[in-house]
file coords19.cif (mmCIF, C-alpha atoms, pLDDT in the B column; chains and numbers go by the auth columns)
data_my_file
#
loop_
_atom_site.group_PDB
_atom_site.id
_atom_site.type_symbol
_atom_site.label_atom_id
_atom_site.label_comp_id
_atom_site.label_asym_id
_atom_site.label_seq_id
_atom_site.Cartn_x
_atom_site.Cartn_y
_atom_site.Cartn_z
_atom_site.B_iso_or_equiv
_atom_site.auth_seq_id
_atom_site.auth_asym_id
ATOM 1 C CA MET A 1 -78.961 178.439 108.505 90.00 29 A
ATOM 2 C CA ARG A 2 -81.403 181.331 109.017 96.00 30 A
ATOM 3 C CA TYR A 3 -80.818 184.290 106.699 98.00 31 A
ATOM 4 C CA LEU A 4 -81.524 187.942 107.476 98.00 32 A
ATOM 5 C CA LEU A 5 -83.229 189.546 104.481 98.00 33 A
ATOM 6 C CA PRO A 6 -83.520 193.352 104.399 98.00 34 A
ATOM 7 C CA THR A 7 -87.031 194.452 103.406 98.00 35 A
ATOM 8 C CA ALA A 8 -85.495 196.751 100.789 98.00 36 A
ATOM 9 C CA MET A 9 -83.891 193.720 99.117 98.00 37 A
ATOM 10 C CA LEU A 10 -87.241 191.966 98.868 98.00 38 A
ATOM 11 C CA THR A 11 -88.791 195.104 97.354 98.00 39 A
ATOM 12 C CA GLU A 12 -85.917 195.426 94.875 98.00 40 A
ATOM 13 C CA THR A 13 -86.307 191.763 93.938 98.00 41 A
ATOM 14 C CA PHE A 14 -89.995 192.209 93.130 98.00 42 A
ATOM 15 C CA GLU A 15 -89.143 195.293 91.055 98.00 43 A
ATOM 16 C CA HIS A 16 -86.701 193.234 88.941 98.00 44 A
ATOM 17 C CA LEU A 17 -89.117 190.328 88.570 98.00 45 A
ATOM 18 C CA ARG A 18 -92.001 192.599 87.573 98.00 46 A
ATOM 19 C CA THR A 19 -90.071 194.959 85.287 97.00 47 A
ATOM 20 C CA CYS A 20 -88.083 192.266 83.485 98.00 48 A
ATOM 21 C CA GLY A 21 -90.905 189.731 83.345 96.00 49 A
ATOM 22 C CA ALA A 22 -93.561 192.305 82.424 96.00 50 A
ATOM 23 C CA GLY A 23 -96.277 189.964 83.612 96.00 51 A
ATOM 24 C CA ARG A 24 -95.669 187.555 80.758 97.00 52 A
ATOM 25 C CA ARG A 25 -92.165 186.071 81.182 97.00 53 A
ATOM 26 C CA GLU A 26 -90.394 184.250 83.987 98.00 54 A
ATOM 27 C CA CYS A 27 -87.440 186.008 85.585 98.00 55 A
ATOM 28 C CA GLN A 28 -84.734 185.215 88.130 98.00 56 A
ATOM 29 C CA ALA A 29 -82.959 187.139 90.876 98.00 57 A
ATOM 30 C CA LEU A 30 -80.173 186.003 93.209 98.00 58 A
ATOM 31 C CA TRP A 31 -79.543 186.891 96.833 98.00 59 A
ATOM 32 C CA VAL A 32 -75.902 187.025 97.862 98.00 60 A
ATOM 33 C CA SER A 33 -74.027 187.587 101.106 98.00 61 A
ATOM 34 C CA PRO A 34 -70.374 187.857 102.162 98.00 62 A
ATOM 35 C CA TRP A 35 -68.519 184.642 102.995 98.00 63 A
ATOM 36 C CA ALA A 36 -67.332 186.485 106.096 98.00 64 A
ATOM 37 C CA ASP A 37 -70.945 186.925 107.258 98.00 65 A
ATOM 38 C CA PRO A 38 -73.129 184.540 105.259 98.00 66 A
ATOM 39 C CA GLU A 39 -76.306 184.919 107.335 98.00 67 A
ATOM 40 C CA ARG A 40 -76.662 188.584 106.388 98.00 68 A
ATOM 41 C CA LEU A 41 -78.004 188.801 102.808 98.00 69 A
ATOM 42 C CA SER A 42 -76.466 191.915 101.305 98.00 70 A
ATOM 43 C CA ALA A 43 -77.438 192.371 97.649 98.00 71 A
ATOM 44 C CA VAL A 44 -79.814 191.378 94.870 98.00 72 A
ATOM 45 C CA VAL A 45 -78.291 190.295 91.564 98.00 73 A
ATOM 46 C CA HIS A 46 -80.406 190.290 88.429 98.00 74 A
ATOM 47 C CA PRO A 47 -78.739 187.838 85.996 98.00 75 A
ATOM 48 C CA ARG A 48 -78.712 188.314 82.251 98.00 76 A
ATOM 49 C CA HIS A 49 -81.006 185.643 80.872 98.00 77 A
ATOM 50 C CA ALA A 50 -83.359 184.583 78.104 98.00 78 A
ATOM 51 C CA ALA A 51 -86.954 183.990 79.180 97.00 79 A
ATOM 52 C CA SER A 52 -90.419 183.054 78.064 97.00 80 A
ATOM 53 C CA ALA A 53 -93.717 182.425 79.826 96.00 81 A
ATOM 54 C CA LEU A 54 -92.545 178.874 80.441 94.00 82 A
ATOM 55 C CA GLY A 55 -89.017 179.323 81.695 97.00 83 A
ATOM 56 C CA PHE A 56 -85.657 181.098 81.649 97.00 84 A
ATOM 57 C CA GLN A 57 -81.985 180.310 81.024 98.00 85 A
ATOM 58 C CA LEU A 58 -78.980 182.279 82.259 98.00 86 A
ATOM 59 C CA ASN A 59 -76.585 183.766 79.738 98.00 87 A
ATOM 60 C CA ASP A 60 -73.405 181.693 79.680 97.00 88 A
ATOM 61 C CA ALA A 61 -70.953 184.592 79.270 97.00 89 A
ATOM 62 C CA TRP A 62 -72.661 186.479 82.086 98.00 90 A
ATOM 63 C CA LEU A 63 -72.340 183.416 84.323 98.00 91 A
ATOM 64 C CA THR A 64 -68.592 183.190 83.662 98.00 92 A
ATOM 65 C CA THR A 65 -68.061 186.852 84.553 98.00 93 A
ATOM 66 C CA PHE A 66 -70.311 186.591 87.595 98.00 94 A
ATOM 67 C CA TRP A 67 -68.417 183.537 88.902 98.00 95 A
ATOM 68 C CA GLY A 68 -65.157 185.492 88.901 97.00 96 A
ATOM 69 C CA ARG A 69 -66.782 188.583 90.403 98.00 97 A
ATOM 70 C CA LEU A 70 -68.178 186.592 93.324 98.00 98 A
ATOM 71 C CA ALA A 71 -64.647 185.468 94.201 98.00 99 A
ATOM 72 C CA ASN A 72 -63.214 188.973 93.764 98.00 100 A
ATOM 73 C CA ASP A 73 -65.859 190.412 96.088 98.00 101 A
ATOM 74 C CA GLY A 74 -65.873 187.574 98.642 98.00 102 A
ATOM 75 C CA LEU A 75 -69.550 186.857 98.072 98.00 103 A
ATOM 76 C CA GLY A 76 -71.608 183.688 97.725 98.00 104 A
ATOM 77 C CA VAL A 77 -75.087 183.046 96.351 98.00 105 A
ATOM 78 C CA ARG A 78 -77.449 181.789 99.084 98.00 106 A
ATOM 79 C CA VAL A 79 -80.889 181.924 97.457 98.00 107 A
ATOM 80 C CA GLN A 80 -82.123 181.850 93.873 98.00 108 A
ATOM 81 C CA VAL A 81 -85.530 183.458 93.314 98.00 109 A
ATOM 82 C CA HIS A 82 -87.663 183.051 90.213 98.00 110 A
ATOM 83 C CA THR A 83 -91.239 183.517 89.066 98.00 111 A
ATOM 84 C CA HIS A 84 -93.875 181.159 87.728 97.00 112 A
ATOM 85 C CA PRO A 85 -96.866 182.179 85.597 97.00 113 A
ATOM 86 C CA GLY A 86 -99.295 180.534 88.012 96.00 114 A
ATOM 87 C CA ALA A 87 -98.787 178.587 91.202 97.00 115 A
ATOM 88 C CA ALA A 88 -95.398 178.448 92.895 97.00 116 A
ATOM 89 C CA TYR A 89 -93.710 175.037 93.132 96.00 117 A
ATOM 90 C CA HIS A 90 -90.377 173.477 92.185 97.00 118 A
ATOM 91 C CA SER A 91 -90.592 172.054 88.673 96.00 119 A
ATOM 92 C CA ALA A 92 -88.452 169.243 87.276 96.00 120 A
ATOM 93 C CA THR A 93 -86.401 171.861 85.410 97.00 121 A
ATOM 94 C CA ASP A 94 -85.938 173.863 88.622 97.00 122 A
ATOM 95 C CA ASP A 95 -84.750 170.670 90.333 97.00 123 A
ATOM 96 C CA ALA A 96 -82.253 169.773 87.631 96.00 124 A
ATOM 97 C CA PHE A 97 -80.588 173.072 86.720 97.00 125 A
ATOM 98 C CA PRO A 98 -79.989 175.252 89.804 98.00 126 A
ATOM 99 C CA LEU A 99 -77.127 177.733 90.070 98.00 127 A
ATOM 100 C CA ILE A 100 -75.657 176.149 93.208 98.00 128 A
ATOM 101 C CA HIS A 101 -75.689 172.472 94.146 96.00 129 A
ATOM 102 C CA THR A 102 -74.284 172.733 97.665 95.00 130 A
ATOM 103 C CA PRO A 103 -76.605 171.176 100.281 95.00 131 A
ATOM 104 C CA GLY A 104 -78.559 173.915 102.056 96.00 132 A
ATOM 105 C CA PHE A 105 -78.818 176.178 99.015 98.00 133 A
ATOM 106 C CA LEU A 106 -82.321 177.662 98.755 98.00 134 A
ATOM 107 C CA SER A 107 -84.654 178.189 95.805 98.00 135 A
ATOM 108 C CA LEU A 108 -87.649 180.506 96.221 98.00 136 A
ATOM 109 C CA VAL A 109 -90.484 180.503 93.671 98.00 137 A
ATOM 110 C CA ILE A 110 -92.834 183.494 93.450 98.00 138 A
ATOM 111 C CA PRO A 111 -96.275 182.909 91.847 98.00 139 A
ATOM 112 C CA ARG A 112 -98.114 184.925 89.144 97.00 140 A
ATOM 113 C CA PHE A 113 -95.017 186.608 87.693 97.00 141 A
ATOM 114 C CA ALA A 114 -94.615 188.506 91.029 98.00 142 A
ATOM 115 C CA GLN A 115 -97.650 190.634 90.197 97.00 143 A
ATOM 116 C CA GLY A 116 -99.152 190.085 93.655 96.00 144 A
ATOM 117 C CA PRO A 117 -98.287 191.931 96.857 97.00 145 A
ATOM 118 C CA ILE A 118 -94.611 192.092 97.806 98.00 146 A
ATOM 119 C CA GLY A 119 -93.984 189.275 100.262 97.00 147 A
ATOM 120 C CA PHE A 120 -94.006 185.523 100.589 97.00 148 A
ATOM 121 C CA GLY A 121 -97.742 184.969 100.061 95.00 149 A
ATOM 122 C CA ASP A 122 -98.274 181.717 98.101 97.00 150 A
ATOM 123 C CA ALA A 123 -94.522 181.498 97.492 98.00 151 A
ATOM 124 C CA PHE A 124 -92.696 178.155 97.634 98.00 152 A
ATOM 125 C CA LEU A 125 -89.260 177.504 99.098 98.00 153 A
ATOM 126 C CA ALA A 126 -87.106 174.428 98.474 98.00 154 A
ATOM 127 C CA GLU A 127 -83.695 173.374 99.813 98.00 155 A
ATOM 128 C CA ILE A 128 -81.221 171.161 97.997 97.00 156 A
ATOM 129 C CA GLN A 129 -80.175 167.990 99.804 96.00 157 A
ATOM 130 C CA PRO A 130 -76.788 166.176 99.798 93.00 158 A
ATOM 131 C CA ASP A 131 -78.047 163.746 97.125 94.00 159 A
ATOM 132 C CA GLY A 132 -79.152 166.606 94.843 94.00 160 A
ATOM 133 C CA SER A 133 -82.864 166.206 95.537 97.00 161 A
ATOM 134 C CA TRP A 134 -84.994 169.107 96.801 98.00 162 A
ATOM 135 C CA ARG A 135 -87.157 169.320 99.897 98.00 163 A
ATOM 136 C CA ALA A 136 -89.856 171.898 100.696 98.00 164 A
ATOM 137 C CA LYS A 137 -88.852 174.277 103.456 98.00 165 A
ATOM 138 C CA SER A 138 -90.824 176.657 105.646 97.00 166 A
ATOM 139 C CA ILE A 139 -89.970 180.177 104.510 98.00 167 A
ATOM 140 C CA THR A 140 -90.200 181.670 107.978 96.00 168 A
ATOM 141 C CA ASP A 141 -87.830 179.004 109.317 97.00 169 A
ATOM 142 C CA VAL A 142 -84.938 180.166 107.161 98.00 170 A
ATOM 143 C CA LEU A 143 -85.702 183.738 105.992 98.00 171 A
ATOM 144 C CA GLU A 144 -86.212 186.594 108.437 98.00 172 A
ATOM 145 C CA LEU A 145 -87.213 190.010 107.119 97.00 173 A
ATOM 146 C CA VAL A 146 -85.250 192.782 108.823 97.00 174 A
ATOM 147 C CA MET B 1 -31.943 166.034 99.634 84.00 4 B
ATOM 148 C CA PHE B 2 -30.659 169.057 97.722 84.00 5 B
ATOM 149 C CA LEU B 3 -27.234 170.256 96.660 83.00 6 B
ATOM 150 C CA ASP B 4 -26.920 173.755 98.062 84.00 7 B
ATOM 151 C CA VAL B 5 -26.217 176.266 95.288 82.00 8 B
ATOM 152 C CA PRO B 6 -25.218 179.595 96.848 79.00 9 B
ATOM 153 C CA GLY B 7 -27.090 182.418 95.133 79.00 10 B
ATOM 154 C CA GLY B 8 -29.014 180.024 92.863 82.00 11 B
ATOM 155 C CA ALA B 9 -31.720 177.380 92.849 79.00 12 B
ATOM 156 C CA ASP B 10 -30.739 174.332 94.889 82.00 13 B
ATOM 157 C CA LEU B 11 -30.497 171.097 92.888 82.00 14 B
ATOM 158 C CA LEU B 12 -32.655 168.124 93.866 82.00 15 B
ATOM 159 C CA ILE B 13 -30.652 164.918 94.269 84.00 16 B
ATOM 160 C CA PRO B 14 -33.085 162.260 92.975 82.00 17 B
ATOM 161 C CA ASP B 15 -33.879 159.051 94.829 82.00 18 B
ATOM 162 C CA GLY B 16 -30.961 156.658 94.259 85.00 19 B
ATOM 163 C CA GLY B 17 -28.890 159.481 92.776 85.00 20 B
ATOM 164 C CA ALA B 18 -25.223 160.148 93.561 83.00 21 B
ATOM 165 C CA LEU B 19 -23.258 163.242 94.438 80.00 22 B
ATOM 166 C CA ASP B 20 -19.592 163.680 93.462 80.00 23 B
ATOM 167 C CA LEU B 21 -18.011 165.556 96.351 77.00 24 B
ATOM 168 C CA ASN B 22 -14.770 166.015 94.373 80.00 25 B
ATOM 169 C CA GLN B 23 -16.400 168.519 92.013 77.00 26 B
ATOM 170 C CA PRO B 24 -15.542 172.193 92.591 75.00 27 B
ATOM 171 C CA GLY B 25 -18.257 174.151 94.366 71.00 28 B
ATOM 172 C CA VAL B 26 -19.759 171.140 96.050 66.00 29 B
ATOM 173 C CA GLU B 27 -19.739 172.111 99.684 74.00 30 B
ATOM 174 C CA ARG B 28 -22.882 170.985 101.392 83.00 31 B
ATOM 175 C CA VAL B 29 -26.253 169.339 101.023 85.00 32 B
ATOM 176 C CA ILE B 30 -29.511 170.228 102.733 86.00 33 B
ATOM 177 C CA LEU B 31 -32.662 168.316 103.609 88.00 34 B
ATOM 178 C CA ALA B 32 -35.984 169.855 102.594 84.00 35 B
ATOM 179 C CA PRO B 33 -39.484 168.669 101.676 81.00 36 B
ATOM 180 C CA LYS B 34 -39.607 167.109 98.232 77.00 37 B
ATOM 181 C CA PRO B 35 -41.182 169.573 95.779 74.00 38 B
ATOM 182 C CA LYS B 36 -44.652 168.621 94.562 76.00 39 B
ATOM 183 C CA PRO B 37 -44.801 167.939 90.842 86.00 40 B
ATOM 184 C CA GLY B 38 -46.776 170.284 88.624 96.00 41 B
ATOM 185 C CA PHE B 39 -48.149 173.644 89.648 97.00 42 B
ATOM 186 C CA GLU B 40 -50.943 175.317 91.514 98.00 43 B
ATOM 187 C CA VAL B 41 -54.211 176.635 90.077 98.00 44 B
ATOM 188 C CA ILE B 42 -57.112 178.295 91.856 98.00 45 B
ATOM 189 C CA VAL B 43 -60.555 176.706 91.573 98.00 46 B
ATOM 190 C CA ILE B 44 -63.597 178.904 92.254 98.00 47 B
ATOM 191 C CA TYR B 45 -67.025 177.631 93.257 98.00 48 B
ATOM 192 C CA ASN B 46 -69.756 180.010 94.431 98.00 49 B
ATOM 193 C CA GLY B 47 -67.228 182.743 95.225 98.00 50 B
ATOM 194 C CA GLN B 48 -64.842 180.550 97.217 98.00 51 B
ATOM 195 C CA PRO B 49 -61.307 180.170 95.814 98.00 52 B
ATOM 196 C CA LYS B 50 -59.343 177.026 96.678 98.00 53 B
ATOM 197 C CA PRO B 51 -55.805 176.076 95.558 98.00 54 B
ATOM 198 C CA LEU B 52 -55.328 172.826 93.662 98.00 55 B
ATOM 199 C CA GLN B 53 -52.085 171.155 92.587 97.00 56 B
ATOM 200 C CA VAL B 54 -52.143 169.867 88.991 98.00 57 B
ATOM 201 C CA THR B 55 -49.631 168.358 86.578 98.00 58 B
ATOM 202 C CA PRO B 56 -49.356 169.145 82.853 97.00 59 B
ATOM 203 C CA GLN B 57 -50.159 165.563 81.801 97.00 60 B
ATOM 204 C CA GLU B 58 -53.134 165.174 84.143 97.00 61 B
ATOM 205 C CA LEU B 59 -56.543 164.803 82.505 98.00 62 B
ATOM 206 C CA ILE B 60 -59.068 167.569 83.131 98.00 63 B
ATOM 207 C CA GLN B 61 -61.468 164.839 84.318 98.00 64 B
ATOM 208 C CA ALA B 62 -59.089 164.140 87.223 98.00 65 B
ATOM 209 C CA VAL B 63 -58.811 167.866 87.962 98.00 66 B
ATOM 210 C CA LEU B 64 -62.612 168.122 87.914 98.00 67 B
ATOM 211 C CA GLU B 65 -62.928 165.272 90.398 98.00 68 B
ATOM 212 C CA ALA B 66 -60.316 166.853 92.690 98.00 69 B
ATOM 213 C CA ALA B 67 -62.087 170.213 92.409 98.00 70 B
ATOM 214 C CA ARG B 68 -65.442 168.677 93.340 98.00 71 B
ATOM 215 C CA ALA B 69 -63.822 166.953 96.306 98.00 72 B
ATOM 216 C CA ALA B 70 -62.326 170.262 97.446 98.00 73 B
ATOM 217 C CA PHE B 71 -65.856 171.665 97.697 97.00 74 B
ATOM 218 C CA GLY B 72 -67.465 168.672 99.411 95.00 75 B
ATOM 219 C CA HIS B 73 -68.617 166.806 96.294 95.00 76 B
ATOM 220 C CA PRO B 74 -71.582 169.016 95.324 94.00 77 B
ATOM 221 C CA PRO B 75 -74.005 167.035 93.128 92.00 78 B
ATOM 222 C CA GLY B 76 -75.152 168.232 89.728 92.00 79 B
ATOM 223 C CA ASP B 77 -73.771 168.663 86.241 94.00 80 B
ATOM 224 C CA LEU B 78 -70.676 170.718 87.046 97.00 81 B
ATOM 225 C CA ALA B 79 -67.777 171.407 84.704 98.00 82 B
ATOM 226 C CA LEU B 80 -64.528 173.377 84.708 98.00 83 B
ATOM 227 C CA PHE B 81 -64.282 176.580 82.669 98.00 84 B
ATOM 228 C CA ASN B 82 -61.433 179.003 82.130 98.00 85 B
ATOM 229 C CA GLU B 83 -61.936 182.707 82.747 97.00 86 B
ATOM 230 C CA ALA B 84 -62.529 183.287 79.044 97.00 87 B
ATOM 231 C CA GLY B 85 -65.660 181.157 79.396 97.00 88 B
ATOM 232 C CA ALA B 86 -64.436 178.060 77.516 98.00 89 B
ATOM 233 C CA GLN B 87 -65.343 174.719 79.043 98.00 90 B
ATOM 234 C CA LEU B 88 -62.272 172.530 79.617 98.00 91 B
ATOM 235 C CA ASP B 89 -62.601 169.184 77.827 98.00 92 B
ATOM 236 C CA PRO B 90 -62.472 166.374 80.449 98.00 93 B
ATOM 237 C CA GLY B 91 -60.677 164.121 77.961 98.00 94 B
ATOM 238 C CA GLN B 92 -57.795 166.539 77.384 98.00 95 B
ATOM 239 C CA THR B 93 -54.757 167.180 79.546 98.00 96 B
ATOM 240 C CA VAL B 94 -54.039 170.255 81.620 98.00 97 B
ATOM 241 C CA GLU B 95 -51.290 171.173 79.164 97.00 98 B
ATOM 242 C CA ALA B 96 -53.465 170.688 76.072 98.00 99 B
ATOM 243 C CA THR B 97 -56.214 172.920 77.445 98.00 100 B
ATOM 244 C CA GLY B 98 -53.737 175.754 78.020 97.00 101 B
ATOM 245 C CA VAL B 99 -54.014 175.835 81.806 98.00 102 B
ATOM 246 C CA ARG B 100 -51.024 177.657 83.321 97.00 103 B
ATOM 247 C CA PRO B 101 -49.715 178.163 86.865 97.00 104 B
ATOM 248 C CA HIS B 102 -51.994 180.312 89.029 97.00 105 B
ATOM 249 C CA ASN B 103 -54.822 180.327 86.463 98.00 106 B
ATOM 250 C CA ARG B 104 -58.299 180.643 87.966 98.00 107 B
ATOM 251 C CA LEU B 105 -60.606 177.783 86.963 98.00 108 B
ATOM 252 C CA LEU B 106 -64.354 178.105 87.408 98.00 109 B
ATOM 253 C CA LEU B 107 -66.239 175.086 88.761 98.00 110 B
ATOM 254 C CA ARG B 108 -69.813 175.818 87.764 98.00 111 B
ATOM 255 C CA PRO B 109 -72.946 174.316 86.246 97.00 112 B
ATOM 256 C CA ARG B 110 -72.933 174.064 82.471 97.00 113 B
ATOM 257 C CA VAL B 111 -76.519 175.283 82.285 97.00 114 B
ATOM 258 C CA VAL B 112 -78.677 177.206 84.741 98.00 115 B
ATOM 259 C CA GLN B 113 -82.367 177.346 83.963 97.00 116 B
ATOM 260 C CA GLY B 114 -85.812 177.176 85.458 97.00 117 B
ATOM 261 C CA GLY B 115 -89.349 176.712 84.338 93.00 118 B
#

call {"tool": "encode", "arguments": {"input": "coords19.cif", "output": "structure tokens"}}
result
Amino acid sequence: MRYLLPTAMLTETFEHLRTCGAGRRECQALWVSPWADPERLSAVVHPRHAASALGFQLNDAWLTTFWGRLANDGLGVRVQVHTHPGAAYHSATDDAFPLIHTPGFLSLVIPRFAQGPIGFGDAFLAEIQPDGSWRAKSITDVLELV
Amino acid sequence: MFLDVPGGADLLIPDGGALDLNQPGVERVILAPKPKPGFEVIVIYNGQPKPLQVTPQELIQAVLEAARAAFGHPPGDLALFNEAGAQLDPGQTVEATGVRPHNRLLLRPRVVQGG
């Protein structure tokens, strides 16, 4: 599936990653879209989480509330986005503990705590496979800025 | 097969059961689909709700497996939670974990993290 990503959503995502991470902690954002129109990404969600320079973990109570809210609002999470201190890649922790395990779910990693220019420069995108493994994916193949 | 009870709930005549037509009020029987045992709950995964039939004595592990199947067997360390955020113990029964008809159960990862 090829997702349509509003430029304003990408800008908002970088604002969350930069403000929350403050250039010294990892941070995560989620891109959601309606089940009625999944290709059209519609909102950025900034999860409550604990974080350090080496990683982050979502707050369990927040996750419970969020899971119910997604159903109430008819939304699904399509892409998880998080920062790395240095280069962008999918770590073993990223592989093992994603939010969604459905094949086709995407995970975007932004390098240098998102302190660089807003965009996909040096970013890394991975897609989960039916067996739970991850495979690198061309960003422009599946994300179109609109 | 059901005994028709005018104005009330029809009575299921069990397999091999008998019906005394001499009793007052017994006028007719009707054929209808056999009711499914247990009750329905709603399982939610990534914003999609799906109904699932469960029985009070069923283990949560069996409910978890049925829930995963309903969503195409997603891999990963998924568990069932109630809406209060408590994880349902796979070794306990539906009844013991307090699951009631029409409850919403959350199929979600136990931990989400990155690094």

call {"tool": "resolve_selection", "arguments": {"input": "coords19.cif", "expression": "the PyMOL selection byres ((chain B) within 12 of (chain A))", "output": "number ranges by chain"}}
result
B: 45-53, 71, 74-90, 106-118

call {"tool": "resolve_selection", "arguments": {"input": "coords19.cif", "expression": "the PyMOL selection byres ((chain B and resi 27-43) around 8)", "output": "PyMOL selection string"}}
result
chain B and resi 4-7+23-26+44-45+54-59+104-105

call {"tool": "residues_around", "arguments": {"input": "coords19.cif", "residues": "segment 60-65 of chain B", "least_positions_apart": "2", "cutoff": "8 Å", "atoms": "all atoms listed in the file", "output": "PyMOL selection string"}}
result
chain B and resi 57-58+67-69+91-98

call {"tool": "atom_distance", "arguments": {"input": "coords19.cif", "atom1": "atom CA of Gly49 of chain A", "atom2": "atom CA of Val107 of chain A"}}
result
19.0 Å

call {"tool": "residues_around", "arguments": {"input": "coords19.cif", "residues": "segment 37-41 of chain A", "least_positions_apart": "2", "cutoff": "8 Å", "atoms": "all atoms listed in the file", "output": "mmCIF file with C-alpha atoms, keeping the file's coordinate frame"}}
result
data_model
loop_
_atom_site.group_PDB
_atom_site.id
_atom_site.type_symbol
_atom_site.label_atom_id
_atom_site.label_comp_id
_atom_site.auth_asym_id
_atom_site.auth_seq_id
_atom_site.Cartn_x
_atom_site.Cartn_y
_atom_site.Cartn_z
ATOM 1 C CA LEU A 33 -83.229 189.546 104.481
ATOM 2 C CA PRO A 34 -83.520 193.352 104.399
ATOM 3 C CA THR A 35 -87.031 194.452 103.406
ATOM 4 C CA GLU A 43 -89.143 195.293 91.055
ATOM 5 C CA HIS A 44 -86.701 193.234 88.941
ATOM 6 C CA LEU A 45 -89.117 190.328 88.570
ATOM 7 C CA ALA A 57 -82.959 187.139 90.876
ATOM 8 C CA SER A 70 -76.466 191.915 101.305
ATOM 9 C CA ALA A 71 -77.438 192.371 97.649
ATOM 10 C CA VAL A 72 -79.814 191.378 94.870
ATOM 11 C CA ILE A 146 -94.611 192.092 97.806
ATOM 12 C CA GLY A 147 -93.984 189.275 100.262
#

call {"tool": "atom_distance", "arguments": {"input": "coords19.cif", "atom1": "atom CA of Phe42 of chain A", "atom2": "atom CA of Gly114 of chain A"}}
result
15.8 Å

call {"tool": "atom_distance", "arguments": {"input": "coords19.cif", "atom1": "atom CA of Pro139 of chain A", "atom2": "atom CA of Leu173 of chain A"}}
result
19.1 Å

call {"tool": "axis_aligned_box", "arguments": {"input": "coords19.cif", "around": "segment 39-54 of chain B", "padding_each_side": "6 Å", "output": "lines of an AutoDock Vina configuration file"}}
result
center_x = -57.2
center_y = 175.3
center_z = 92.9
size_x = 37.1
size_y = 26.8
size_z = 20.6

call {"tool": "resolve_selection", "arguments": {"input": "coords19.cif", "expression": "the PyMOL selection byres ((chain A and resi 165) around 6)", "output": "list in words"}}
result
Leu153, Ala154, Ala164 and Ser166 of chain A

call {"tool": "closest_residue", "arguments": {"input": "coords19.cif", "among": "A:Glu67, A:Leu136, A:Glu172, A:Ala142", "to": "Glu155 of chain A", "atoms": "all atoms listed in the file"}}
result
A:Leu136

call {"tool": "closest_residue", "arguments": {"input": "coords19.cif", "among": "A:Asp150, A:Arg52, A:Ala64, A:Val109", "to": "Val137 of chain A", "atoms": "only C-alpha atoms"}}
result
A:Val109

call {"tool": "decode", "arguments": {"input": "coords19.cif", "residues": "segment 85-125 of chain A", "atoms": "C-alpha atoms", "output": "compact mmCIF listing (two decimals), in the first residue's frame"}}
result
# COMPACT_ATOMS: atom_id res chain seq x y z
CA GLN A 85 9.04 2.37 26.09
CA LEU A 86 5.36 3.25 25.78
CA ASN A 87 3.32 3.81 28.91
CA ASP A 88 1.09 0.79 29.50
CA ALA A 89 -1.97 2.70 30.75
CA TRP A 90 -1.72 5.09 27.81
CA LEU A 91 -1.59 2.13 25.42
CA THR A 92 -4.78 0.66 26.91
CA THR A 93 -6.66 3.94 26.52
CA PHE A 94 -5.28 4.49 23.03
CA TRP A 95 -6.36 1.00 21.91
CA GLY A 96 -9.97 1.76 22.85
CA ARG A 97 -9.84 5.23 21.32
CA LEU A 98 -8.66 3.87 17.98
CA ALA A 99 -11.75 1.64 17.84
CA ASN A 100 -14.07 4.46 18.93
CA ASP A 101 -12.70 6.73 16.21
CA GLY A 102 -12.41 4.10 13.46
CA LEU A 103 -8.68 4.64 13.09
CA GLY A 104 -5.70 2.34 12.64
CA VAL A 105 -1.97 2.87 13.11
CA ARG A 106 -0.10 2.52 9.79
CA VAL A 107 3.41 3.77 10.59
CA GLN A 108 5.46 4.06 13.76
CA VAL A 109 8.20 6.70 13.67
CA HIS A 110 11.05 6.99 16.14
CA THR A 111 14.46 8.60 16.47
CA HIS A 112 17.96 7.24 16.93
CA PRO A 113 20.90 9.17 18.40
CA GLY A 114 23.04 8.46 15.34
CA ALA A 115 22.40 6.51 12.18
CA ALA A 116 18.92 5.27 11.31
CA TYR A 117 18.41 1.49 11.14
CA HIS A 118 16.10 -1.10 12.68
CA SER A 119 17.63 -2.42 15.89
CA ALA A 120 16.92 -5.81 17.47
CA THR A 121 14.68 -4.05 20.00
CA ASP A 122 12.81 -2.27 17.19
CA ASP A 123 12.32 -5.65 15.50
CA ALA A 124 11.00 -7.37 18.61
CA PHE A 125 8.65 -4.83 20.19
